[in-house]
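To start, the structure itself, in structure tokens.
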Amino acid sequence: MSCVFLLCLVSLPLSCLPGPAGIAAQDVLAAFAAPLGLAAPVSPETSLVVLHIRLARACIALLCGGALATAGVALQGVLRNPLADPFTLGISAGAACGASIAIAFGAPLALLLGVSASGLVSGGALIGALLALGGALWLGRSGGAFSRESIILGGIAVAAFLGAVVALVKALNEESVTSIVFWIMGSLQGRGWDALPLLLATLLPGLCCIACCWRALDVLGLGDEQAAQTGLAVGRARLLLLFGASCMTAGCVAVAGVIGFVGLVAPHVLRLRLGVGHGPLLCGAFFGGGLLLLWADVAARSLLGDGMEIPVGVVTALLGGPFFAFLVKCR
């Protein structure tokens, strides 16, 4: 785990080297060293690009990737399904639906509320994600308790319905189709320090919920009946873990759009090194998932050149799709 943490620290300045601005590597590293008194001050333009654009984007990528991977560990433990990831409960479909409605019809509301268009889209994505979670939990509740199989089926039903709503929104407002599709593919382009408060507002409460219940994940692995015999309130622990994982995912989708497979790939790779104990695995997944999304974003903005970018959700899907197929085949 310490190795993954050190890799994250080293990757932050290294990930700021590529970019269309054409800043020399020594100037990028000097921008990091100057505030610490280890190098001469750099030009304001270099400082702006490196510290306020590239570094902010790298930090957002680290936090989003870490949140998605941590949520993936929690969901796989709660649902006892190795193929579960943060999008199993239809949260991504809810976020995409909320963002699509805000993109297509939110301009008058943005003027009325005095907020920016991007802020309205992020808020719509967050509300949609949380409503989708509520719908999945409501469908999965039976006899005063939650069934993990019913929650998964409820999430599939919610995702299918909201996917149809997104298609309807695109049909009703063809001018917004490009923006909606770009959001659904996921991207960190243009994300800066101003996106950090929205991300932390959901990430920190969700992380606290999971951190308080990490021991319950080990007990839930025994099965519901055995877990209840140990004195664990199974329904309460499962609900708290589901809420925490979904809250973290909702914040990430609100900031960066729909980014899949990070919550699936990182936990399974780290299990090979850290084992199945959820304490070390949750910590390792946070840094490992952040590392994965950070370098996926570097690839997304570097492969095409000339300032053009591939949506980072496409890069993670290209990596995660074959990995998911491998898990299905070997299950």
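Please note that chains go A, B, ... in the order of the structure tokens, that every chain numbers its residues from 1, and that ligands are numbered from 1 in the order shown.
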So that each row is one residue of segment 50-166 of chain A with an atom at most 9 Å from segment 227-250 of chain A, can you give its shortest atom pair and the distance in Å to one decimal, using only C-alpha atoms, rows by chain and rising number, as JSON lines?
```
{"residue": "A:Cys64", "atom": "CA", "partner": "A:Thr249", "partner_atom": "CA", "distance": 8.2}
{"residue": "A:Ala67", "atom": "CA", "partner": "A:Met248", "partner_atom": "CA", "distance": 5.8}
{"residue": "A:Leu68", "atom": "CA", "partner": "A:Thr249", "partner_atom": "CA", "distance": 5.9}
{"residue": "A:Thr70", "atom": "CA", "partner": "A:Ala245", "partner_atom": "CA", "distance": 7.5}
{"residue": "A:Ala71", "atom": "CA", "partner": "A:Ala245", "partner_atom": "CA", "distance": 4.3}
{"residue": "A:Gly72", "atom": "CA", "partner": "A:Ala245", "partner_atom": "CA", "distance": 7.5}
{"residue": "A:Val73", "atom": "CA", "partner": "A:Ala245", "partner_atom": "CA", "distance": 8.8}
{"residue": "A:Ala74", "atom": "CA", "partner": "A:Ala245", "partner_atom": "CA", "distance": 6.5}
{"residue": "A:Leu75", "atom": "CA", "partner": "A:Leu242", "partner_atom": "CA", "distance": 6.8}
{"residue": "A:Val78", "atom": "CA", "partner": "A:Arg238", "partner_atom": "CA", "distance": 6.1}
{"residue": "A:Leu79", "atom": "CA", "partner": "A:Arg238", "partner_atom": "CA", "distance": 8.7}
{"residue": "A:Pro86", "atom": "CA", "partner": "A:Thr249", "partner_atom": "CA", "distance": 6.3}
{"residue": "A:Phe87", "atom": "CA", "partner": "A:Thr249", "partner_atom": "CA", "distance": 8.0}
{"residue": "A:Leu89", "atom": "CA", "partner": "A:Ser246", "partner_atom": "CA", "distance": 8.2}
{"residue": "A:Ile91", "atom": "CA", "partner": "A:Ala250", "partner_atom": "CA", "distance": 6.8}
{"residue": "A:Ser92", "atom": "CA", "partner": "A:Ala250", "partner_atom": "CA", "distance": 7.6}
{"residue": "A:Gly94", "atom": "CA", "partner": "A:Ala250", "partner_atom": "CA", "distance": 8.9}
{"residue": "A:Ala95", "atom": "CA", "partner": "A:Ala250", "partner_atom": "CA", "distance": 7.0}
{"residue": "A:Ala125", "atom": "CA", "partner": "A:Ala250", "partner_atom": "CA", "distance": 7.5}
{"residue": "A:Leu126", "atom": "CA", "partner": "A:Ala250", "partner_atom": "CA", "distance": 5.5}
{"residue": "A:Ile127", "atom": "CA", "partner": "A:Ala250", "partner_atom": "CA", "distance": 8.3}
{"residue": "A:Gly128", "atom": "CA", "partner": "A:Ala250", "partner_atom": "CA", "distance": 8.5}
{"residue": "A:Ala129", "atom": "CA", "partner": "A:Ala250", "partner_atom": "CA", "distance": 5.4}
{"residue": "A:Leu130", "atom": "CA", "partner": "A:Ala250", "partner_atom": "CA", "distance": 6.7}
{"residue": "A:Leu133", "atom": "CA", "partner": "A:Ser246", "partner_atom": "CA", "distance": 7.0}
{"residue": "A:Leu137", "atom": "CA", "partner": "A:Leu239", "partner_atom": "CA", "distance": 8.6}
{"residue": "A:Ala145", "atom": "CA", "partner": "A:Gly235", "partner_atom": "CA", "distance": 6.3}
{"residue": "A:Phe146", "atom": "CA", "partner": "A:Gly235", "partner_atom": "CA", "distance": 6.5}
{"residue": "A:Ser147", "atom": "CA", "partner": "A:Gly235", "partner_atom": "CA", "distance": 8.9}
{"residue": "A:Arg148", "atom": "CA", "partner": "A:Arg238", "partner_atom": "CA", "distance": 9.0}
```
Pull the strand (DSSP E) assignments for segment 24-183 of chain A out of DSSP run on the backbone, and list those residues as a ChimeraX atom specification.
/A:141-142,145-146
File of the preceding selection, C-alpha atoms, as a PDB file, in the first residue's frame:
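Below is the file that was written, result.pdb:
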```
ATOM      1  CA  ARG A 141     -36.700  -3.255  -0.157  1.00  0.00           C
ATOM      2  CA  SER A 142     -39.005  -6.110   0.754  1.00  0.00           C
ATOM      3  CA  ALA A 145     -35.272  -5.450   4.721  1.00  0.00           C
ATOM      4  CA  PHE A 146     -32.992  -5.081   1.711  1.00  0.00           C
TER       5      PHE A 146
END
```
Do a neighbour search on segment 163-166 of chain A at 10 Å with only C-alpha atoms, toss out local chain neighbours closer than 2 positions, and write the hits as a VMD selection string.
chain A and resid 90 92 to 94 96 to 101 157 to 161 168 to 172 177 180 to 181 184
Taking the DSSP assignment computed from this structure's backbone, write out as a VMD selection string all residues of segment 78-271 of chain A that belong to alpha helix (DSSP H).
chain A and resid 78 to 79 91 to 105 107 to 113 117 to 139 148 to 172 177 to 185 196 to 212 214 to 220 224 to 229 234 to 256 262 to 271
Quick one: write out the picked residues with C-alpha atoms as a compact mmCIF listing (two decimals), in the first residue's frame?
```txt
# COMPACT_ATOMS: atom_id res chain seq x y z
CA VAL A 78 -21.88 -5.67 0.31
CA LEU A 79 -23.39 -7.42 -2.71
CA ILE A 91 -26.20 5.74 -10.36
CA SER A 92 -24.42 6.55 -13.61
CA ALA A 93 -27.72 6.46 -15.52
CA GLY A 94 -29.26 8.79 -12.94
CA ALA A 95 -26.36 11.22 -13.18
CA ALA A 96 -26.45 11.12 -16.97
CA CYS A 97 -30.20 11.76 -16.92
CA GLY A 98 -29.90 14.73 -14.53
CA ALA A 99 -27.03 16.23 -16.51
CA SER A 100 -28.83 15.69 -19.82
CA ILE A 101 -31.94 17.51 -18.62
CA ALA A 102 -29.80 20.39 -17.30
CA ILE A 103 -27.87 20.63 -20.58
CA ALA A 104 -30.97 20.53 -22.76
CA PHE A 105 -33.43 22.66 -20.80
CA ALA A 107 -30.42 27.62 -19.58
CA PRO A 108 -33.45 29.63 -18.30
CA LEU A 109 -33.10 28.06 -14.85
CA ALA A 110 -29.39 28.94 -14.74
CA LEU A 111 -30.22 32.59 -15.48
CA LEU A 112 -32.99 32.58 -12.88
CA LEU A 113 -30.77 31.09 -10.16
CA ALA A 117 -24.22 26.41 -16.89
CA SER A 118 -21.50 24.00 -15.73
CA GLY A 119 -22.62 24.40 -12.12
CA LEU A 120 -26.21 23.62 -13.07
CA VAL A 121 -25.12 20.53 -15.02
CA SER A 122 -23.06 19.27 -12.09
CA GLY A 123 -25.92 19.88 -9.69
CA GLY A 124 -28.37 18.11 -12.00
CA ALA A 125 -26.03 15.12 -12.25
CA LEU A 126 -25.70 14.90 -8.48
CA ILE A 127 -29.47 15.11 -7.90
CA GLY A 128 -30.13 12.54 -10.60
CA ALA A 129 -27.57 10.12 -9.17
CA LEU A 130 -28.99 10.31 -5.67
CA LEU A 131 -32.57 9.90 -6.94
CA ALA A 132 -31.48 6.82 -8.90
CA LEU A 133 -29.95 5.39 -5.74
CA GLY A 134 -33.20 6.03 -3.87
CA GLY A 135 -35.16 4.28 -6.62
CA ALA A 136 -32.89 1.22 -6.55
CA LEU A 137 -33.10 0.98 -2.77
CA TRP A 138 -36.88 1.39 -2.83
CA LEU A 139 -37.22 -1.40 -5.40
CA ARG A 148 -28.85 -7.75 -2.38
CA GLU A 149 -30.30 -9.57 -5.39
CA SER A 150 -33.32 -7.26 -5.46
CA ILE A 151 -31.12 -4.17 -5.18
CA ILE A 152 -29.10 -5.25 -8.23
CA LEU A 153 -32.27 -5.94 -10.21
CA GLY A 154 -33.71 -2.61 -9.04
CA GLY A 155 -30.56 -0.85 -10.24
CA ILE A 156 -30.86 -2.51 -13.66
CA ALA A 157 -34.50 -1.44 -13.91
CA VAL A 158 -33.69 2.15 -12.90
CA ALA A 159 -30.78 2.31 -15.37
CA ALA A 160 -32.94 1.02 -18.22
CA PHE A 161 -35.71 3.53 -17.52
CA LEU A 162 -33.36 6.50 -17.14
CA GLY A 163 -31.43 5.50 -20.25
CA ALA A 164 -34.70 5.81 -22.15
CA VAL A 165 -35.27 9.24 -20.59
CA VAL A 166 -31.84 10.38 -21.81
CA ALA A 167 -32.67 9.17 -25.32
CA LEU A 168 -35.96 11.09 -25.15
CA VAL A 169 -34.18 14.26 -24.06
CA LYS A 170 -31.77 13.96 -26.99
CA ALA A 171 -34.67 13.48 -29.38
CA LEU A 172 -36.55 16.53 -28.03
CA VAL A 177 -26.95 15.96 -28.40
CA THR A 178 -23.20 16.59 -28.72
CA SER A 179 -22.89 18.01 -25.21
CA ILE A 180 -24.96 15.19 -23.70
CA VAL A 181 -22.93 12.49 -25.45
CA PHE A 182 -19.66 14.12 -24.34
CA TRP A 183 -20.87 14.18 -20.73
CA ILE A 184 -21.97 10.55 -20.84
CA MET A 185 -18.52 9.52 -22.13
CA LEU A 196 -13.10 20.51 -5.72
CA PRO A 197 -15.78 21.72 -3.21
CA LEU A 198 -18.57 19.85 -5.02
CA LEU A 199 -16.47 16.67 -5.15
CA LEU A 200 -15.41 16.84 -1.50
CA ALA A 201 -18.97 17.62 -0.36
CA THR A 202 -19.99 14.10 -1.38
CA LEU A 203 -16.68 12.25 -1.20
CA LEU A 204 -15.92 12.96 2.46
CA PRO A 205 -19.32 11.90 3.91
CA GLY A 206 -19.30 8.78 1.75
CA LEU A 207 -15.75 7.94 2.76
CA CYS A 208 -16.65 8.35 6.44
CA CYS A 209 -19.60 5.95 6.05
CA ILE A 210 -17.38 3.29 4.50
CA ALA A 211 -14.53 3.85 6.94
CA CYS A 212 -16.87 3.39 9.89
CA TRP A 214 -15.04 -1.51 7.01
CA ARG A 215 -15.07 -4.32 9.58
CA ALA A 216 -18.67 -5.07 8.61
CA LEU A 217 -17.50 -5.83 5.07
CA ASP A 218 -15.36 -8.70 6.37
CA VAL A 219 -18.26 -10.03 8.43
CA LEU A 220 -20.76 -9.72 5.54
CA ASP A 224 -26.18 -12.76 6.10
CA GLU A 225 -27.13 -15.45 8.59
CA GLN A 226 -23.61 -15.89 9.95
CA ALA A 227 -23.10 -12.14 10.05
CA ALA A 228 -26.32 -11.68 12.04
CA GLN A 229 -25.19 -14.38 14.49
CA VAL A 234 -26.87 -6.58 8.64
CA GLY A 235 -29.55 -4.34 7.12
CA ARG A 236 -28.23 -1.19 8.77
CA ALA A 237 -24.61 -1.91 7.84
CA ARG A 238 -25.53 -2.72 4.25
CA LEU A 239 -27.61 0.45 3.89
CA LEU A 240 -24.82 2.63 5.30
CA LEU A 241 -22.22 1.08 3.01
CA LEU A 242 -24.47 1.40 -0.04
CA PHE A 243 -25.17 5.03 0.77
CA GLY A 244 -21.49 5.81 1.27
CA ALA A 245 -20.42 4.14 -1.98
CA SER A 246 -23.23 5.72 -3.96
CA CYS A 247 -22.64 9.17 -2.50
CA MET A 248 -18.95 9.03 -3.50
CA THR A 249 -19.85 7.85 -6.99
CA ALA A 250 -22.49 10.55 -7.42
CA GLY A 251 -19.98 13.29 -6.62
CA CYS A 252 -17.48 11.89 -9.12
CA VAL A 253 -20.08 11.65 -11.87
CA ALA A 254 -21.31 15.17 -11.10
CA VAL A 255 -17.79 16.53 -11.58
CA ALA A 256 -16.34 14.34 -14.33
CA VAL A 262 -12.24 2.08 -12.39
CA GLY A 263 -14.23 0.60 -9.52
CA LEU A 264 -13.92 -2.83 -11.09
CA VAL A 265 -10.30 -2.98 -12.28
CA ALA A 266 -8.44 -1.38 -9.36
CA PRO A 267 -9.96 -3.51 -6.54
CA HIS A 268 -9.34 -6.81 -8.35
CA VAL A 269 -5.74 -5.95 -9.24
CA LEU A 270 -4.97 -4.85 -5.68
CA ARG A 271 -6.53 -7.99 -4.17
```
Record the distance separating atom CA of Leu29 of chain A and atom CA of Leu7 of chain A, expressed in Å with one decimal.
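Atom-to-atom, atom CA of Leu29 of chain A to atom CA of Leu7 of chain A, that is 16.6 Å.
Atom CA of Ala40 of chain A sits 17.1 Å away from atom CA of Pro13 of chain A.
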To one decimal in Å, tell me the separation between atom CA of Leu63 of chain A and atom CA of Gly257 of chain A.
13.9 Å
Taking only C-alpha atoms into account, which of A:Ala300, A:Leu83, A:Ala25, A:Ala61 comes nearest Leu318 of chain A?
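Going through A:Ala300, A:Leu83, A:Ala25, A:Ala61 one by one, the smallest distance to Leu318 of chain A is for A:Ala300.
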Please provide the set of residues having any atom within 6 Å of Gly290 of chain A, restricted to only C-alpha atoms, with same-chain residues fewer than 6 positions apart removed, written as number ranges by chain.
A: 62-63, 65-66
